[in-house]
Every structure is written in structure tokens, then in C-alpha cells.
>>> print(open('start-v5.csv').read())   # CSV, C-alpha atoms
chain,number,residue,atom,x,y,z
T,1,MET,CA,53.6,20.3,42.2
T,2,THR,CA,50.4,21.6,40.5
T,3,HIS,CA,48.5,24.8,39.9
T,4,SER,CA,45.0,25.4,41.1
T,5,PRO,CA,42.5,26.7,38.5
T,6,ALA,CA,42.8,30.1,40.0
T,7,ASP,CA,46.4,30.3,39.0
T,8,HIS,CA,45.4,30.5,35.3
T,9,SER,CA,42.2,32.4,35.6
T,10,HIS,CA,43.7,35.6,34.4
T,11,HIS,CA,44.8,34.1,31.1
T,12,ASP,CA,42.7,33.8,27.9
T,13,HIS,CA,43.8,30.7,25.9
T,14,SER,CA,41.2,31.1,23.1
T,15,HIS,CA,42.9,30.7,19.8
T,16,ALA,CA,40.1,31.7,17.5
T,17,PRO,CA,41.1,34.8,15.5
T,18,GLU,CA,38.8,37.8,15.6
T,19,VAL,CA,36.6,38.4,12.7
T,20,THR,CA,36.3,42.1,12.1
T,21,SER,CA,32.9,43.9,11.5
T,22,THR,CA,34.6,45.9,8.8
T,23,ASN,CA,35.2,42.8,6.6
T,24,GLU,CA,31.7,41.6,7.3
T,25,ARG,CA,30.2,44.9,6.3
T,26,LYS,CA,32.2,45.2,3.1
T,27,VAL,CA,31.1,41.7,2.0
T,28,LEU,CA,27.4,42.5,2.7
T,29,ILE,CA,27.4,45.7,0.7
T,30,SER,CA,29.2,44.0,-2.2
T,31,LEU,CA,26.7,41.2,-2.0
T,32,VAL,CA,23.7,43.5,-2.4
T,33,LEU,CA,25.3,45.5,-5.3
T,34,ILE,CA,26.3,42.3,-7.2
T,35,SER,CA,23.0,40.6,-6.7
T,36,VAL,CA,20.9,43.5,-7.9
T,37,PHE,CA,23.0,44.2,-11.0
T,38,MET,CA,23.2,40.4,-11.8
T,39,VAL,CA,19.5,40.5,-12.6
T,40,VAL,CA,20.0,43.6,-14.8
T,41,GLU,CA,22.8,42.1,-16.7
T,42,LEU,CA,20.9,38.8,-17.2
T,43,VAL,CA,18.0,40.6,-18.7
T,44,GLY,CA,20.2,42.8,-20.8
T,45,GLY,CA,22.1,39.8,-22.1
T,46,LEU,CA,18.8,38.0,-23.1
T,47,ILE,CA,17.5,41.1,-24.8
T,48,SER,CA,20.7,41.9,-26.7
T,49,GLY,CA,21.7,38.3,-27.4
T,50,SER,CA,25.2,39.0,-26.1
T,51,LEU,CA,27.2,36.0,-24.8
T,52,ALA,CA,29.6,38.5,-23.1
T,53,LEU,CA,26.8,39.9,-21.0
T,54,LEU,CA,25.3,36.5,-20.3
T,55,ALA,CA,28.7,35.2,-19.3
T,56,ASP,CA,29.3,38.1,-17.0
T,57,ALA,CA,25.8,37.6,-15.5
T,58,GLY,CA,26.7,34.0,-14.8
T,59,HIS,CA,30.0,35.1,-13.2
T,60,MET,CA,28.0,37.6,-11.1
T,61,LEU,CA,25.8,34.8,-10.0
T,62,SER,CA,28.9,32.9,-8.8
T,63,ASP,CA,30.0,36.2,-7.1
T,64,ALA,CA,26.7,36.5,-5.3
T,65,LEU,CA,27.0,32.9,-4.0
T,66,ALA,CA,30.6,33.4,-3.1
T,67,LEU,CA,29.9,36.6,-1.2
T,68,ALA,CA,26.9,34.9,0.6
T,69,LEU,CA,29.3,32.1,1.6
T,70,ALA,CA,31.8,34.7,2.8
T,71,TYR,CA,29.2,36.6,4.8
T,72,ALA,CA,28.0,33.3,6.4
T,73,ALA,CA,31.6,32.4,7.2
T,74,PHE,CA,32.1,35.7,8.9
T,75,ARG,CA,28.9,35.3,10.9
T,76,PHE,CA,30.0,31.8,12.0
T,77,GLY,CA,33.5,33.0,12.7
T,78,ARG,CA,32.2,35.3,15.4
T,79,ARG,CA,31.1,32.3,17.5
T,80,SER,CA,33.3,31.6,20.5
T,81,ALA,CA,35.5,28.5,20.7
T,82,ASP,CA,33.8,25.6,22.6
T,83,GLN,CA,34.8,22.2,23.9
T,84,GLN,CA,34.2,20.5,20.5
T,85,ARG,CA,35.8,23.3,18.4
T,86,THR,CA,38.6,24.7,20.5
T,87,PHE,CA,39.9,26.9,17.7
T,88,GLY,CA,36.4,28.3,17.0
T,89,TYR,CA,34.9,28.6,13.5
T,90,ALA,CA,37.5,30.8,11.8
T,91,ARG,CA,38.5,28.1,9.3
T,92,LEU,CA,35.0,28.4,7.7
T,93,GLU,CA,36.4,31.5,6.0
T,94,VAL,CA,39.0,29.3,4.3
T,95,VAL,CA,36.4,26.8,3.2
T,96,ALA,CA,34.4,29.6,1.7
T,97,GLY,CA,37.5,30.8,-0.2
T,98,PHE,CA,38.0,27.2,-1.5
T,99,VAL,CA,34.4,27.1,-2.7
T,100,ASN,CA,34.9,30.5,-4.4
T,101,SER,CA,37.7,29.0,-6.5
T,102,LEU,CA,35.6,26.0,-7.6
T,103,THR,CA,32.8,28.3,-8.7
T,104,LEU,CA,35.2,30.2,-10.8
T,105,PHE,CA,36.3,27.0,-12.6
T,106,ALA,CA,32.7,26.1,-13.2
T,107,ILE,CA,31.9,29.5,-14.7
T,108,VAL,CA,35.0,29.2,-17.1
T,109,LEU,CA,33.7,25.9,-18.4
T,110,TRP,CA,30.3,27.3,-19.0
T,111,ILE,CA,31.7,30.3,-20.9
T,112,LEU,CA,33.9,28.1,-23.1
T,113,TYR,CA,30.9,25.8,-23.9
T,114,GLU,CA,28.7,28.8,-24.8
T,115,ALA,CA,31.4,30.4,-26.9
T,116,TRP,CA,31.8,27.2,-28.9
T,117,GLN,CA,28.1,27.1,-29.6
T,118,ARG,CA,28.2,30.8,-30.8
T,119,PHE,CA,31.1,30.0,-33.2
T,120,GLN,CA,29.0,27.2,-34.6
T,121,SER,CA,25.8,29.2,-35.0
T,122,PRO,CA,26.4,33.0,-35.0
T,123,TYR,CA,23.3,35.2,-34.6
T,124,GLU,CA,22.4,38.9,-34.4
T,125,ILE,CA,23.5,41.0,-31.4
T,126,LEU,CA,21.9,44.3,-30.5
T,127,ALA,CA,25.0,46.5,-29.9
T,128,GLY,CA,23.1,49.4,-28.3
T,129,PRO,CA,21.5,47.6,-25.3
T,130,MET,CA,24.6,45.5,-24.9
T,131,LEU,CA,26.8,48.6,-24.6
T,132,GLY,CA,24.5,50.4,-22.1
T,133,VAL,CA,24.4,47.4,-19.8
T,134,ALA,CA,28.1,46.7,-20.1
T,135,VAL,CA,29.0,50.2,-19.1
T,136,ALA,CA,26.7,50.1,-16.1
T,137,GLY,CA,28.3,46.8,-15.1
T,138,LEU,CA,31.7,48.3,-15.4
T,139,ILE,CA,30.7,51.0,-13.0
T,140,VAL,CA,29.2,48.6,-10.5
T,141,ASN,CA,32.2,46.4,-10.5
T,142,LEU,CA,34.6,49.3,-10.0
T,143,VAL,CA,32.5,50.3,-6.9
T,144,VAL,CA,32.6,46.8,-5.5
T,145,ILE,CA,36.4,46.6,-6.0
T,146,TRP,CA,36.8,49.9,-4.3
T,147,ILE,CA,34.8,48.7,-1.3
T,148,LEU,CA,36.7,45.4,-1.1
T,149,THR,CA,40.2,46.9,-1.3
T,150,ARG,CA,39.6,49.3,1.6
T,151,GLY,CA,41.5,47.8,4.6
T,152,ASP,CA,42.1,44.0,4.9
T,153,ALA,CA,42.3,43.1,1.2
T,154,GLU,CA,44.8,40.2,1.9
T,155,HIS,CA,42.3,38.3,4.0
T,156,VAL,CA,41.7,35.0,2.1
T,157,ASN,CA,38.0,35.4,2.0
T,158,ILE,CA,38.1,39.1,1.0
T,159,ARG,CA,40.7,38.2,-1.6
T,160,GLY,CA,38.4,35.5,-3.0
T,161,ALA,CA,35.5,38.0,-3.3
T,162,LEU,CA,37.9,40.6,-4.8
T,163,LEU,CA,39.1,38.1,-7.5
T,164,HIS,CA,35.5,37.5,-8.4
T,165,ALA,CA,34.9,41.2,-8.7
T,166,VAL,CA,38.0,41.6,-10.9
T,167,GLY,CA,36.8,38.8,-13.1
T,168,ASP,CA,33.5,40.6,-13.5
T,169,LEU,CA,35.3,43.9,-14.3
T,170,LEU,CA,37.2,42.2,-17.0
T,171,GLY,CA,34.0,40.7,-18.3
T,172,SER,CA,32.4,44.2,-18.4
T,173,VAL,CA,35.5,45.6,-20.2
T,174,GLY,CA,35.2,42.8,-22.8
T,175,ALA,CA,31.5,43.4,-23.2
T,176,VAL,CA,32.0,47.1,-23.8
T,177,GLY,CA,34.7,46.4,-26.4
T,178,ALA,CA,32.6,43.8,-28.1
T,179,ALA,CA,29.6,46.1,-28.2
T,180,ILE,CA,31.6,48.9,-29.8
T,181,ILE,CA,33.1,46.6,-32.4
T,182,ILE,CA,29.8,45.1,-33.3
T,183,ALA,CA,28.2,48.6,-33.6
T,184,TYR,CA,30.8,49.8,-36.0
T,185,THR,CA,31.6,46.6,-38.0
T,186,GLY,CA,28.8,44.2,-37.4
T,187,TRP,CA,31.3,41.4,-36.7
T,188,THR,CA,29.5,39.3,-34.1
T,189,PRO,CA,32.2,36.6,-33.6
T,190,ILE,CA,34.1,39.2,-31.4
T,191,ASP,CA,31.5,38.6,-28.7
T,192,PRO,CA,32.4,34.9,-28.0
T,193,ILE,CA,36.1,35.6,-28.7
T,194,LEU,CA,36.3,38.2,-26.0
T,195,SER,CA,34.4,36.0,-23.6
T,196,VAL,CA,37.0,33.2,-24.1
T,197,LEU,CA,39.9,35.7,-23.4
T,198,VAL,CA,38.2,36.9,-20.2
T,199,SER,CA,37.6,33.3,-19.1
T,200,MET,CA,41.4,32.6,-19.4
T,201,LEU,CA,42.1,35.5,-17.0
T,202,ILE,CA,39.5,34.3,-14.6
T,203,LEU,CA,41.0,30.8,-14.8
T,204,ARG,CA,44.4,32.1,-13.7
T,205,SER,CA,42.9,33.9,-10.7
T,206,ALA,CA,40.9,30.8,-9.8
T,207,TRP,CA,44.0,28.6,-9.8
T,208,LYS,CA,45.8,31.0,-7.4
T,209,LEU,CA,42.9,31.1,-5.0
T,210,LEU,CA,42.5,27.3,-5.1
T,211,LYS,CA,46.1,26.8,-4.3
T,212,ALA,CA,46.1,29.3,-1.4
T,213,SER,CA,42.9,28.0,0.3
T,214,LEU,CA,43.8,24.3,-0.3
T,215,HIS,CA,47.2,24.9,1.2
T,216,ILE,CA,45.7,26.2,4.4
T,217,LEU,CA,43.1,23.4,4.5
T,218,LEU,CA,45.9,20.8,4.1
T,219,GLU,CA,47.8,22.3,7.1
T,220,GLY,CA,50.6,23.6,4.9
T,221,ALA,CA,53.3,25.9,6.3
T,222,PRO,CA,52.8,29.6,5.7
T,223,GLU,CA,55.0,31.2,3.1
T,224,GLY,CA,58.5,31.8,4.3
T,225,ALA,CA,57.9,29.7,7.5
T,226,SER,CA,58.8,26.1,6.6
T,227,ALA,CA,60.0,23.7,9.3
T,228,ASP,CA,63.6,24.0,8.0
T,229,ASP,CA,63.4,27.8,8.0
T,230,ILE,CA,62.2,27.8,11.6
T,231,LYS,CA,64.8,25.3,12.8
T,232,SER,CA,67.6,27.1,11.1
T,233,HIS,CA,66.5,30.4,12.7
T,234,LEU,CA,66.0,29.1,16.2
T,235,LEU,CA,69.4,27.3,16.3
T,236,ASN,CA,70.8,30.9,16.3
T,237,VAL,CA,68.9,31.8,19.5
T,238,ASP,CA,71.0,32.1,22.6
T,239,GLY,CA,70.7,29.1,24.8
T,240,VAL,CA,69.2,26.7,22.2
T,241,SER,CA,71.2,23.5,21.6
T,242,ASP,CA,68.8,21.7,19.3
T,243,VAL,CA,65.3,22.1,17.6
T,244,SER,CA,63.2,19.1,16.5
T,245,HIS,CA,59.6,17.9,15.8
T,246,VAL,CA,58.7,21.2,14.1
T,247,HIS,CA,55.2,21.5,12.8
T,248,VAL,CA,53.8,24.8,11.5
T,249,TRP,CA,50.4,25.6,9.9
T,250,SER,CA,47.8,28.3,9.4
T,251,LEU,CA,44.5,28.3,11.2
T,252,THR,CA,43.1,30.8,8.7
T,253,SER,CA,44.5,33.7,6.7
T,254,GLY,CA,47.3,35.4,8.6
T,255,LYS,CA,47.0,33.2,11.7
T,256,ALA,CA,50.0,30.9,12.0
T,257,LEU,CA,50.6,28.3,14.7
T,258,ALA,CA,53.5,26.0,15.6
T,259,THR,CA,54.5,23.1,17.8
T,260,LEU,CA,58.2,22.1,18.3
T,261,HIS,CA,60.7,20.7,20.7
T,262,VAL,CA,63.8,22.7,21.9
T,263,THR,CA,66.8,21.4,23.8
T,264,PRO,CA,68.4,24.1,26.0
T,265,VAL,CA,72.2,24.3,26.4
T,266,ASP,CA,71.6,24.6,30.2
T,267,ALA,CA,68.6,22.8,31.7
T,268,LYS,CA,68.3,25.4,34.4
T,269,ASP,CA,67.8,28.1,31.8
T,270,ALA,CA,64.7,26.5,30.2
T,271,ARG,CA,62.4,29.3,31.1
T,272,ASN,CA,64.5,32.0,29.4
T,273,VAL,CA,65.1,29.8,26.4
T,274,VAL,CA,61.4,29.3,25.9
T,275,ALA,CA,60.8,33.1,26.2
T,276,ALA,CA,63.5,33.8,23.6
T,277,VAL,CA,62.2,31.1,21.2
T,278,GLU,CA,58.6,32.5,21.5
T,279,ALA,CA,59.9,36.0,20.7
T,280,ALA,CA,61.9,34.8,17.7
T,281,LEU,CA,58.9,32.9,16.3
T,282,HIS,CA,56.7,36.0,16.6
T,283,GLN,CA,59.3,38.5,15.3
T,284,ARG,CA,60.7,36.5,12.4
T,285,PHE,CA,57.7,34.4,11.2
T,286,GLY,CA,54.7,36.1,12.7
T,287,ILE,CA,53.6,33.0,14.6
T,288,SER,CA,51.2,34.2,17.3
T,289,HIS,CA,50.8,31.0,19.1
T,290,ALA,CA,53.3,28.2,19.7
T,291,THR,CA,53.4,25.1,21.9
T,292,ILE,CA,57.0,24.4,22.8
T,293,ALA,CA,58.2,21.2,24.5
T,294,VAL,CA,61.5,21.5,26.3
T,295,ASP,CA,63.4,18.3,26.5
T,296,TRP,CA,66.9,16.8,26.7
T,297,GLU,CA,68.5,13.4,26.8
T,298,ASP,CA,68.5,12.2,30.4
T,299,THR,CA,64.8,12.8,30.9
T,300,ALA,CA,62.8,10.7,33.3
T,301,LYS,CA,62.2,10.9,37.0
T,302,CYS,CA,60.4,14.3,37.1
T,303,SER,CA,56.7,14.5,36.4
T,304,LEU,CA,55.6,16.5,33.3
T,305,ALA,CA,55.0,20.2,34.2
T,306,THR,CA,53.4,23.0,32.3
T,307,VAL,CA,55.0,26.4,32.2
T,308,GLU,CA,53.4,29.8,31.2
T,309,THR,CA,56.1,31.9,29.7
T,310,SER,CA,54.6,35.1,31.1
T,311,ASP,CA,54.5,34.2,34.8
T,312,HIS,CA,54.3,30.8,36.5
T,313,ALA,CA,57.0,28.1,36.1
T,314,HIS,CA,57.2,24.6,37.6
T,315,ASN,CA,60.7,23.6,38.4
T,316,CYS,CA,61.5,20.1,39.6
T,317,SER,CA,63.6,20.2,42.7
T,318,GLU,CA,67.2,19.2,42.5
T,319,GLU,CA,66.5,15.8,44.2
T,320,HIS,CA,64.3,14.8,41.3
T,321,GLY,CA,67.1,15.2,38.7
T,322,PRO,CA,66.7,16.1,35.1
T,323,GLN,CA,63.2,17.3,34.0
T,324,ASP,CA,61.0,17.3,30.9
T,325,LEU,CA,59.0,20.5,30.6
T,326,GLN,CA,56.3,21.2,28.2
T,327,VAL,CA,56.1,25.0,27.8
T,328,ARG,CA,53.0,26.6,26.3
T,329,ALA,CA,53.8,30.0,24.8
T,330,LYS,CA,51.3,32.7,25.7
T,331,PRO,CA,49.1,33.4,22.6
>>> encode(input="start-v5.csv", output="C-alpha cells")
Amino acid sequence: MTHSPADHSHHDHSHAPEVTSTNERKVLISLVLISVFMVVELVGGLISGSLALLADAGHMLSDALALALAYAAFRFGRRSADQQRTFGYARLEVVAGFVNSLTLFAIVLWILYEAWQRFQSPYEILAGPMLGVAVAGLIVNLVVIWILTRGDAEHVNIRGALLHAVGDLLGSVGAVGAAIIIAYTGWTPIDPILSVLVSMLILRSAWKLLKASLHILLEGAPEGASADDIKSHLLNVDGVSDVSHVHVWSLTSGKALATLHVTPVDAKDARNVVAAVEAALHQRFGISHATIAVDWEDTAKCSLATVETSDHAHNCSEEHGPQDLQVRAKP
């Protein structure tokens, strides 16, 4: 027994998550602000001779590149799924987050190298221009952070851009502190010292972002939704006898998917079991799309059938004996 195409015409099986215009707009505004002030800070660093300002300008350059990547990823993410990319382009956002983390590591290495050079050959720093630019940078970074924390701040790409902005903020705070100390004491080594301290904080953030984005790219299970966790939970669902072949991963930030096999206690109750499993996956683990194969031991004579949990069900007739159903949960 088969369905005609019309039977499924009212369903939308596109799995590509929606990319919001709000996230896209936040990234674009932040990109413009960071790019403009990056030039100001670079000029200020060259004039004053401050490594703290130059380091922060370099970090702002990485911010601008990261935000440009994020914006491009959002634009691509709006493309619809096609025959070659059935999940759409949403994972480009995770790739951008991964690149963001790598640029942070590169900036840290550059800061450490420049700091070592400054320790070897200290030179005069103009505290006045340094302080003025640092305070302005502090204000710009606070504005950018405020923009990025409005709404979906846990999105992996927004989080990446936010970590960059926080790193910039710390750099600006360090530059302000260094400028004040130099103005009152003339002790210039404080400039590279504070730059190194800021780079350590940036390194910690970069490591967290690298792990989070790489985990998604490697098809890792979302936090709190391991295969063992899912199996243990589903074995408590009424009508479920066994759970096997569990695979769970994230398509992008906050979009979990899963495939698994379940064995019902009563073969005739397969439809209700699948509906209960689908609900349990969504309520307990936030899994919005699951492909569930229903099987049991004496499988064979009945042809494979596909069941939509929301409406249509194929049932082998009694004369065909035990059945093997693959049930696709409605996304």
C-alpha cells in the first residue's frame, strides 16, 4: 500500500532552521561600529606608541572579520533547502563561529609576541592620546555588547561575536588603566603587562567557543542529551519495550535532531508508541525532529512502510504477519 504525492502535500519537511532578521541586523550594526573604531584605535595606537591600543585594534580587526563572516553566514542561512543541501545552509553559522575562535587564538599569539618585544626594548608612550582613545573604545565596546545581548544571545554565532566584543572591552579597560598609570608614574612596562593579562582572558573565551563549535561540527550530542540519557528516558515511556541505534546531534545552535529504533510492547500499538516517543524527545530534550524506526524480532514478510505521526499510517494486514515500520516524526 502506498501514498500518492497528494497525501503528503500539506506537510513541510524542510529541516533548515529559520535565521532571524533580528540577529542579522544586530551583527550588521556591530560590524559597522567595530570597523569604524578599529581605524581610530589603530591610528591612536601608532601615535601614542601604546601596545595595549595596538593589540585592541588588532582584536577589533578580528572582530570585524568575525562579524563579516557571521553576517555572510546569516545571509546564506536564509537560503532554502535544495536537493543537494536538504538541511539548507544553517550550519554555515557554526563554521563562522569556529573561524571566530581561531582568529582569537591568532590575536593572542600576536599580543604575546609584541609584549615580549616591548619588554626587551621599552620606549616612550604618550599617555594623553592613549587615554582618550581607550575611553572612546570602552564606550564603543559597551554599545556593541548591549546590541548583541538583546534577544538571542545564546545563538552560537551571536555568542562568538559577543565574546570578541567582551575581549575588546577588556582590552579597552586595560588600556585605560595603563594610560592612567603611565601618566602618573611614567612606568611604561605596565602597557605590555596589561596586554598579556587581557590576552589570557581572551584565550579562555576562545577555547570555550572552539569546543562548542567543533562539537557541533563533529556531530556531537547536545548537552544533557547523550544517547544513554535518551535511551534511559524513553524506556520509561508507556508501550516501549526497547530502544536501540540512538544517534543524536545538532544541526546548528539550538537545533537538535535524532534517529533511533524503538520496540513496542504490542506491535498493534506502534502508532501510539511513536507519538509518545516523539513527545518525550521534544519535552525532555528539546529535539525538534526525530526519525524513529519501529521494529521487533520476527520482522520480515511485510514491505517497509512510512508513517506520519500526525495523520496517515500504513498498517500491514493481518495476513502479512509481523511488520517493520519506519516512522518519521513530524518536524
>>> residues_around(input="start-v5.csv", residues="His282 of chain T", least_positions_apart="4", cutoff="12 Å", atoms="all atoms listed in the file", output="NGL selection string")
:T and (225 or 230 or 233-234 or 255-258 or 275-278 or 286-290 or 329-331)
>>> residues_near_point(input="start-v5.csv", point="(53.4, 26.2, 11.0)", cutoff="12 Å", atoms="only C-alpha atoms", output="ChimeraX atom specification")
/T:215-216,218-231,245-252,254-260,281-282,285-291
>>> residues_near_point(input="start-v5.csv", point="(33.2, 44.1, -14.5)", cutoff="6 Å", atoms="all atoms listed in the file", output="list in words")
Gly137, Leu138, Asn141, Asp168, Leu169, Leu170, Gly171 and Ser172 of chain T
>>> residues_around(input="start-v5.csv", residues="Lys211 of chain T", least_positions_apart="2", cutoff="12 Å", atoms="all atoms listed in the file", output="ChimeraX atom specification")
/T:94,97-102,156,160,204-209,213-218,220
>>> closest_atom_pairs(input="start-v5.csv", of="segment 105-200 of chain T", to="segment 24-37 of chain T", cutoff="10 Å", atoms="only C-alpha atoms", output="JSON lines")
{"residue": "T:Val133", "atom": "CA", "partner": "T:Phe37", "partner_atom": "CA", "distance": 9.5}
{"residue": "T:Ala136", "atom": "CA", "partner": "T:Phe37", "partner_atom": "CA", "distance": 8.6}
{"residue": "T:Gly137", "atom": "CA", "partner": "T:Phe37", "partner_atom": "CA", "distance": 7.2}
{"residue": "T:Val140", "atom": "CA", "partner": "T:Leu33", "partner_atom": "CA", "distance": 7.2}
{"residue": "T:Asn141", "atom": "CA", "partner": "T:Ile34", "partner_atom": "CA", "distance": 7.9}
{"residue": "T:Val143", "atom": "CA", "partner": "T:Ser30", "partner_atom": "CA", "distance": 8.5}
{"residue": "T:Val144", "atom": "CA", "partner": "T:Ser30", "partner_atom": "CA", "distance": 5.5}
{"residue": "T:Ile145", "atom": "CA", "partner": "T:Ser30", "partner_atom": "CA", "distance": 8.5}
{"residue": "T:Trp146", "atom": "CA", "partner": "T:Ser30", "partner_atom": "CA", "distance": 9.8}
{"residue": "T:Ile147", "atom": "CA", "partner": "T:Lys26", "partner_atom": "CA", "distance": 6.2}
{"residue": "T:Leu148", "atom": "CA", "partner": "T:Lys26", "partner_atom": "CA", "distance": 6.2}
{"residue": "T:Thr149", "atom": "CA", "partner": "T:Lys26", "partner_atom": "CA", "distance": 9.3}
{"residue": "T:Arg150", "atom": "CA", "partner": "T:Lys26", "partner_atom": "CA", "distance": 8.6}
{"residue": "T:Gly151", "atom": "CA", "partner": "T:Lys26", "partner_atom": "CA", "distance": 9.8}
{"residue": "T:Asn157", "atom": "CA", "partner": "T:Val27", "partner_atom": "CA", "distance": 9.3}
{"residue": "T:Ile158", "atom": "CA", "partner": "T:Val27", "partner_atom": "CA", "distance": 7.5}
{"residue": "T:Ala161", "atom": "CA", "partner": "T:Val27", "partner_atom": "CA", "distance": 7.8}
{"residue": "T:Leu162", "atom": "CA", "partner": "T:Val27", "partner_atom": "CA", "distance": 9.7}
{"residue": "T:Ala165", "atom": "CA", "partner": "T:Ile34", "partner_atom": "CA", "distance": 8.8}
{"residue": "T:Asp168", "atom": "CA", "partner": "T:Ile34", "partner_atom": "CA", "distance": 9.7}
